[in-house]
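These notes concern the structure reproduced below.
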Amino acid sequence: NDLASSPVTNIIQLQKSLRTTPAVRLDTPAVVLVGAPNVGKSSIVRAISSATPEVNNYPFTTRGMTLGHVEVFWNEDVRATTSIIPDSDLSLEPTQSYAFSQLCQIMDSPGLLVRTEEGDRNEMESLTLAAMQHLPTAVMYVLDLSGEAGDKCSSVADQLQLRKEVRARFPRRPWIDVVSKIDLGLVPGAKEQLEDILDGTPYIELSIQENTGVDELKVEVMRMLGEVRVVLDAMAAVDERSARPVSSTDK
């Protein structure tokens with residue numbers, strides 16, 4: 001019995017892990033939220049999608065990928081026109097004249113830290129980077145410049161450095177920068193430092209608590225989902241042509 005107990009325990013743990021692993025669709029547009037720990041990513045995911053990740057004021061609240069959905073309504077030229085958060089118990093249908101609707105994905109990811117060596121990253125950080133590397137995602141980079149995120153792992157300086165590193169690693173991804181928790185104020189000089197890095201690129205100031213910037217953020221999310229969809233459609237068209245049998249007229 002003792003010999004059998006360990007394998008059985010491992011199987012049970014594997015089953016639990018599989019049940020909690022989000023079913024990500026590779027053919028569906030997605031936005032992944034990225035940033036240091038405790039900067040407000042989970043609260044944003046709760047506000048703009050059907051996901052309900054844990055929200056707490058300590059680092060590494062998110063210990064895996066959390067997947068939510070938003071139903072996007074597309075017009076004929078594949079531009080997003082509006083979106084709603086789907087009810088988990090109700091299959092929603094478009095109520096206006098749209099070409100079609102689609103459940104798109106919003107992903108909450110574990111926090112990243114500034115590392116001197118890439119091999120120093122823990123499993124949770126590696127999961128975040130793997131999702132960005134291998135999934136069809138746009139990026140919402142979230143910063144907390146209030147000074148309340150925790151200096152040990154999410155200081156303003158570290159967040160700005162991390163932003164530069166992640167953007168350099170994924171320069172072609174659809175991207176939006178979000179400064180969260182603006183209701184808590186900003187560390188003096190932090191906004192100027194961010195704007196120096198962004199060099200004129202727009203960003204969103206957000207407060208979930210006060211509902212500031214939420215509508216603007218939803219518009220940007222739809223824009224990025226549309227950009228990802230264009231890429232996915234192009235990839236699907238290439239795959240379809242590659243799979244087509246060669247005819248006599250093609251020779």
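Please note that chains go A, B, ... in the order of the structure tokens, that every chain numbers its residues from 1, and that ligands are numbered from 1 in the order shown.
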Problem - Selection near A:Thr28, 8 Å with only C-alpha atoms, sequence-local residues under 5 positions removed, as number ranges by chain - result: A: 103-105, 136, 229, 232
So that I have them on file, write out the residues from the current selection with C-alpha atoms, as a PDB file, in the first residue's frame.
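Below you can see part-v8.pdb, which holds the result:
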ATOM      1  CA  LEU A 103     -15.608  34.808 -27.484  1.00  0.00           C
ATOM      2  CA  CYS A 104     -12.134  36.337 -27.181  1.00  0.00           C
ATOM      3  CA  GLN A 105      -9.692  35.605 -24.378  1.00  0.00           C
ATOM      4  CA  PRO A 136      -1.670  34.527 -30.267  1.00  0.00           C
ATOM      5  CA  ARG A 229      -7.612  38.495 -35.393  1.00  0.00           C
ATOM      6  CA  LEU A 232      -4.821  34.772 -37.145  1.00  0.00           C
TER       7      LEU A 232
END
For A:Leu26: contacts at 10 Å, only C-alpha atoms, fewer than 3 positions along chain excluded, given as a ChimeraX atom specification: /A:23,29-30,134-137,232
Selection to disk with N, CA, C and O atoms, as a short mmCIF file (atom, residue, chain, number, x, y, z; two decimals), in the first residue's frame:
data_model
loop_
_atom_site.label_atom_id
_atom_site.label_comp_id
_atom_site.auth_asym_id
_atom_site.auth_seq_id
_atom_site.Cartn_x
_atom_site.Cartn_y
_atom_site.Cartn_z
N ALA A 23 -8.41 26.39 -20.69
CA ALA A 23 -8.42 25.84 -22.04
C ALA A 23 -8.25 26.99 -23.04
O ALA A 23 -9.22 27.61 -23.46
N PRO A 29 -8.41 35.24 -30.80
CA PRO A 29 -7.63 36.37 -30.30
C PRO A 29 -7.61 36.42 -28.77
O PRO A 29 -8.58 36.07 -28.11
N ALA A 30 -6.47 36.88 -28.24
CA ALA A 30 -6.32 36.96 -26.79
C ALA A 30 -5.49 38.19 -26.43
O ALA A 30 -4.67 38.66 -27.21
N HIS A 134 4.26 31.88 -27.22
CA HIS A 134 3.66 30.82 -28.03
C HIS A 134 2.16 30.99 -28.30
O HIS A 134 1.60 30.23 -29.11
N LEU A 135 1.51 31.93 -27.64
CA LEU A 135 0.08 32.10 -27.86
C LEU A 135 -0.20 33.35 -28.68
O LEU A 135 0.59 34.30 -28.66
N PRO A 136 -1.33 33.37 -29.42
CA PRO A 136 -1.67 34.53 -30.27
C PRO A 136 -2.22 35.67 -29.43
O PRO A 136 -3.43 35.88 -29.35
N THR A 137 -1.34 36.42 -28.79
CA THR A 137 -1.80 37.42 -27.83
C THR A 137 -1.33 38.82 -28.17
O THR A 137 -0.26 39.03 -28.74
N LEU A 232 -4.35 36.16 -37.18
CA LEU A 232 -4.82 34.77 -37.14
C LEU A 232 -5.52 34.39 -38.44
O LEU A 232 -5.35 33.27 -38.95
#
message: So that I can check the surroundings of A:Leu225, please list as a ChimeraX atom specification every protein, DNA and RNA residue that reaches within 12 Å of it, counting only C-alpha atoms and ignoring chain neighbours fewer than 2 positions away.
response: /A:28-32,69-74,78-83,102-106,136-140,173-176,218-223,227-232
Restricted to N, CA and C atoms, what would the selected residues look like written as a CSV table (one decimal), in the first residue's frame?
chain,number,residue,atom,x,y,z
A,28,THR,N,-8.1,31.8,-31.5
A,28,THR,CA,-8.9,32.8,-31.0
A,28,THR,C,-8.1,34.0,-30.4
A,29,PRO,N,-8.4,35.2,-30.8
A,29,PRO,CA,-7.6,36.4,-30.3
A,29,PRO,C,-7.6,36.4,-28.8
A,30,ALA,N,-6.5,36.9,-28.2
A,30,ALA,CA,-6.3,37.0,-26.8
A,30,ALA,C,-5.5,38.2,-26.4
A,31,VAL,N,-5.7,38.7,-25.2
A,31,VAL,CA,-4.9,39.7,-24.6
A,31,VAL,C,-4.4,39.2,-23.3
A,32,VAL,N,-3.1,39.2,-23.1
A,32,VAL,CA,-2.5,38.8,-21.9
A,32,VAL,C,-2.0,40.0,-21.1
A,69,HIS,N,-13.2,35.6,-20.5
A,69,HIS,CA,-13.7,35.9,-21.9
A,69,HIS,C,-14.4,37.2,-22.0
A,70,VAL,N,-14.4,37.7,-23.2
A,70,VAL,CA,-15.3,38.9,-23.6
A,70,VAL,C,-15.8,38.6,-24.9
A,71,GLU,N,-17.1,38.8,-25.1
A,71,GLU,CA,-17.8,38.5,-26.4
A,71,GLU,C,-17.7,39.7,-27.2
A,72,VAL,N,-17.0,39.6,-28.3
A,72,VAL,CA,-16.7,40.7,-29.2
A,72,VAL,C,-17.6,40.6,-30.5
A,73,PHE,N,-18.2,41.7,-30.9
A,73,PHE,CA,-19.1,41.7,-32.1
A,73,PHE,C,-18.3,42.4,-33.2
A,74,TRP,N,-18.1,41.7,-34.3
A,74,TRP,CA,-17.4,42.1,-35.4
A,74,TRP,C,-18.3,42.6,-36.6
A,78,VAL,N,-14.2,42.9,-40.3
A,78,VAL,CA,-13.5,42.3,-39.1
A,78,VAL,C,-12.9,43.4,-38.2
A,79,ARG,N,-13.7,44.4,-38.0
A,79,ARG,CA,-13.4,45.4,-36.9
A,79,ARG,C,-14.3,45.2,-35.8
A,80,ALA,N,-13.8,45.2,-34.6
A,80,ALA,CA,-14.6,45.1,-33.4
A,80,ALA,C,-15.5,46.4,-33.2
A,81,THR,N,-16.7,46.2,-33.0
A,81,THR,CA,-17.6,47.3,-32.8
A,81,THR,C,-18.1,47.5,-31.4
A,82,THR,N,-18.3,46.4,-30.7
A,82,THR,CA,-18.7,46.5,-29.3
A,82,THR,C,-18.4,45.2,-28.6
A,83,SER,N,-18.5,45.1,-27.3
A,83,SER,CA,-18.2,43.9,-26.6
A,83,SER,C,-19.0,43.8,-25.3
A,102,GLN,N,-17.7,36.6,-31.3
A,102,GLN,CA,-16.7,35.7,-31.0
A,102,GLN,C,-16.3,35.9,-29.6
A,103,LEU,N,-16.1,34.7,-28.8
A,103,LEU,CA,-15.6,34.8,-27.5
A,103,LEU,C,-14.1,34.9,-27.6
A,104,CYS,N,-13.6,36.1,-27.2
A,104,CYS,CA,-12.1,36.3,-27.2
A,104,CYS,C,-11.6,36.2,-25.8
A,105,GLN,N,-10.3,36.0,-25.6
A,105,GLN,CA,-9.7,35.6,-24.4
A,105,GLN,C,-8.9,36.7,-23.7
A,106,ILE,N,-9.1,36.9,-22.4
A,106,ILE,CA,-8.4,37.8,-21.6
A,106,ILE,C,-7.6,37.0,-20.5
A,136,PRO,N,-1.3,33.4,-29.4
A,136,PRO,CA,-1.7,34.5,-30.3
A,136,PRO,C,-2.2,35.7,-29.4
A,137,THR,N,-1.3,36.4,-28.8
A,137,THR,CA,-1.8,37.4,-27.8
A,137,THR,C,-1.3,38.8,-28.2
A,138,ALA,N,-2.2,39.8,-27.8
A,138,ALA,CA,-1.7,41.2,-27.6
A,138,ALA,C,-1.3,41.3,-26.2
A,139,VAL,N,-0.7,42.4,-25.8
A,139,VAL,CA,-0.1,42.6,-24.5
A,139,VAL,C,-0.7,43.9,-23.8
A,140,MET,N,-1.2,43.7,-22.6
A,140,MET,CA,-1.5,44.9,-21.8
A,140,MET,C,-0.5,44.9,-20.7
A,173,ARG,N,4.2,42.9,-31.0
A,173,ARG,CA,2.9,42.6,-30.5
A,173,ARG,C,2.1,43.8,-30.3
A,174,PRO,N,0.8,43.7,-30.6
A,174,PRO,CA,-0.2,44.8,-30.3
A,174,PRO,C,0.0,45.1,-28.8
A,175,TRP,N,0.0,46.3,-28.3
A,175,TRP,CA,0.5,46.6,-27.0
A,175,TRP,C,-0.3,47.9,-26.5
A,176,ILE,N,-0.6,47.9,-25.2
A,176,ILE,CA,-1.1,49.1,-24.5
A,176,ILE,C,-0.5,49.1,-23.1
A,218,LYS,N,-11.4,49.3,-22.4
A,218,LYS,CA,-12.2,48.3,-23.2
A,218,LYS,C,-12.1,48.6,-24.7
A,219,VAL,N,-12.1,49.8,-25.1
A,219,VAL,CA,-11.9,50.2,-26.5
A,219,VAL,C,-10.6,49.7,-27.0
A,220,GLU,N,-9.5,50.0,-26.2
A,220,GLU,CA,-8.2,49.5,-26.6
A,220,GLU,C,-8.1,48.0,-26.7
A,221,VAL,N,-8.7,47.3,-25.8
A,221,VAL,CA,-8.7,45.9,-25.8
A,221,VAL,C,-9.3,45.4,-27.1
A,222,MET,N,-10.5,46.0,-27.5
A,222,MET,CA,-11.1,45.6,-28.7
A,222,MET,C,-10.2,45.8,-29.9
A,223,ARG,N,-9.6,47.0,-29.9
A,223,ARG,CA,-8.6,47.3,-31.0
A,223,ARG,C,-7.5,46.3,-31.1
A,227,GLU,N,-6.5,43.5,-34.1
A,227,GLU,CA,-5.2,43.3,-34.7
A,227,GLU,C,-4.8,41.9,-34.7
A,228,VAL,N,-5.0,41.2,-33.5
A,228,VAL,CA,-4.6,39.8,-33.4
A,228,VAL,C,-5.4,38.9,-34.4
A,229,ARG,N,-6.7,39.3,-34.5
A,229,ARG,CA,-7.6,38.5,-35.4
A,229,ARG,C,-7.2,38.6,-36.8
A,230,VAL,N,-6.7,39.7,-37.3
A,230,VAL,CA,-6.2,39.9,-38.6
A,230,VAL,C,-5.0,38.9,-38.9
A,231,VAL,N,-4.1,38.9,-37.9
A,231,VAL,CA,-3.0,38.0,-38.0
A,231,VAL,C,-3.4,36.5,-38.1
A,232,LEU,N,-4.3,36.2,-37.2
A,232,LEU,CA,-4.8,34.8,-37.1
A,232,LEU,C,-5.5,34.4,-38.4
Residues within 6 Å of stretch 161-172 of chain A, please, as a PDB file with N, CA, C and O atoms, in the first residue's frame. Count only C-alpha atoms; anything in the same chain fewer than 2 positions from it doesn't count.
ATOM      1  N   VAL A 114      12.470  41.741 -12.336  1.00  0.00           N
ATOM      2  CA  VAL A 114      13.709  42.074 -13.040  1.00  0.00           C
ATOM      3  C   VAL A 114      14.762  41.053 -12.629  1.00  0.00           C
ATOM      4  O   VAL A 114      14.999  40.861 -11.428  1.00  0.00           O
ATOM      5  N   ASP A 158      11.995  49.164 -10.845  1.00  0.00           N
ATOM      6  CA  ASP A 158      11.984  47.810 -11.393  1.00  0.00           C
ATOM      7  C   ASP A 158      10.881  47.645 -12.434  1.00  0.00           C
ATOM      8  O   ASP A 158      11.078  46.990 -13.471  1.00  0.00           O
ATOM      9  N   GLN A 159       9.719  48.230 -12.185  1.00  0.00           N
ATOM     10  CA  GLN A 159       8.623  48.110 -13.143  1.00  0.00           C
ATOM     11  C   GLN A 159       8.977  48.763 -14.479  1.00  0.00           C
ATOM     12  O   GLN A 159       8.659  48.227 -15.545  1.00  0.00           O
TER      13      GLN A 159
END
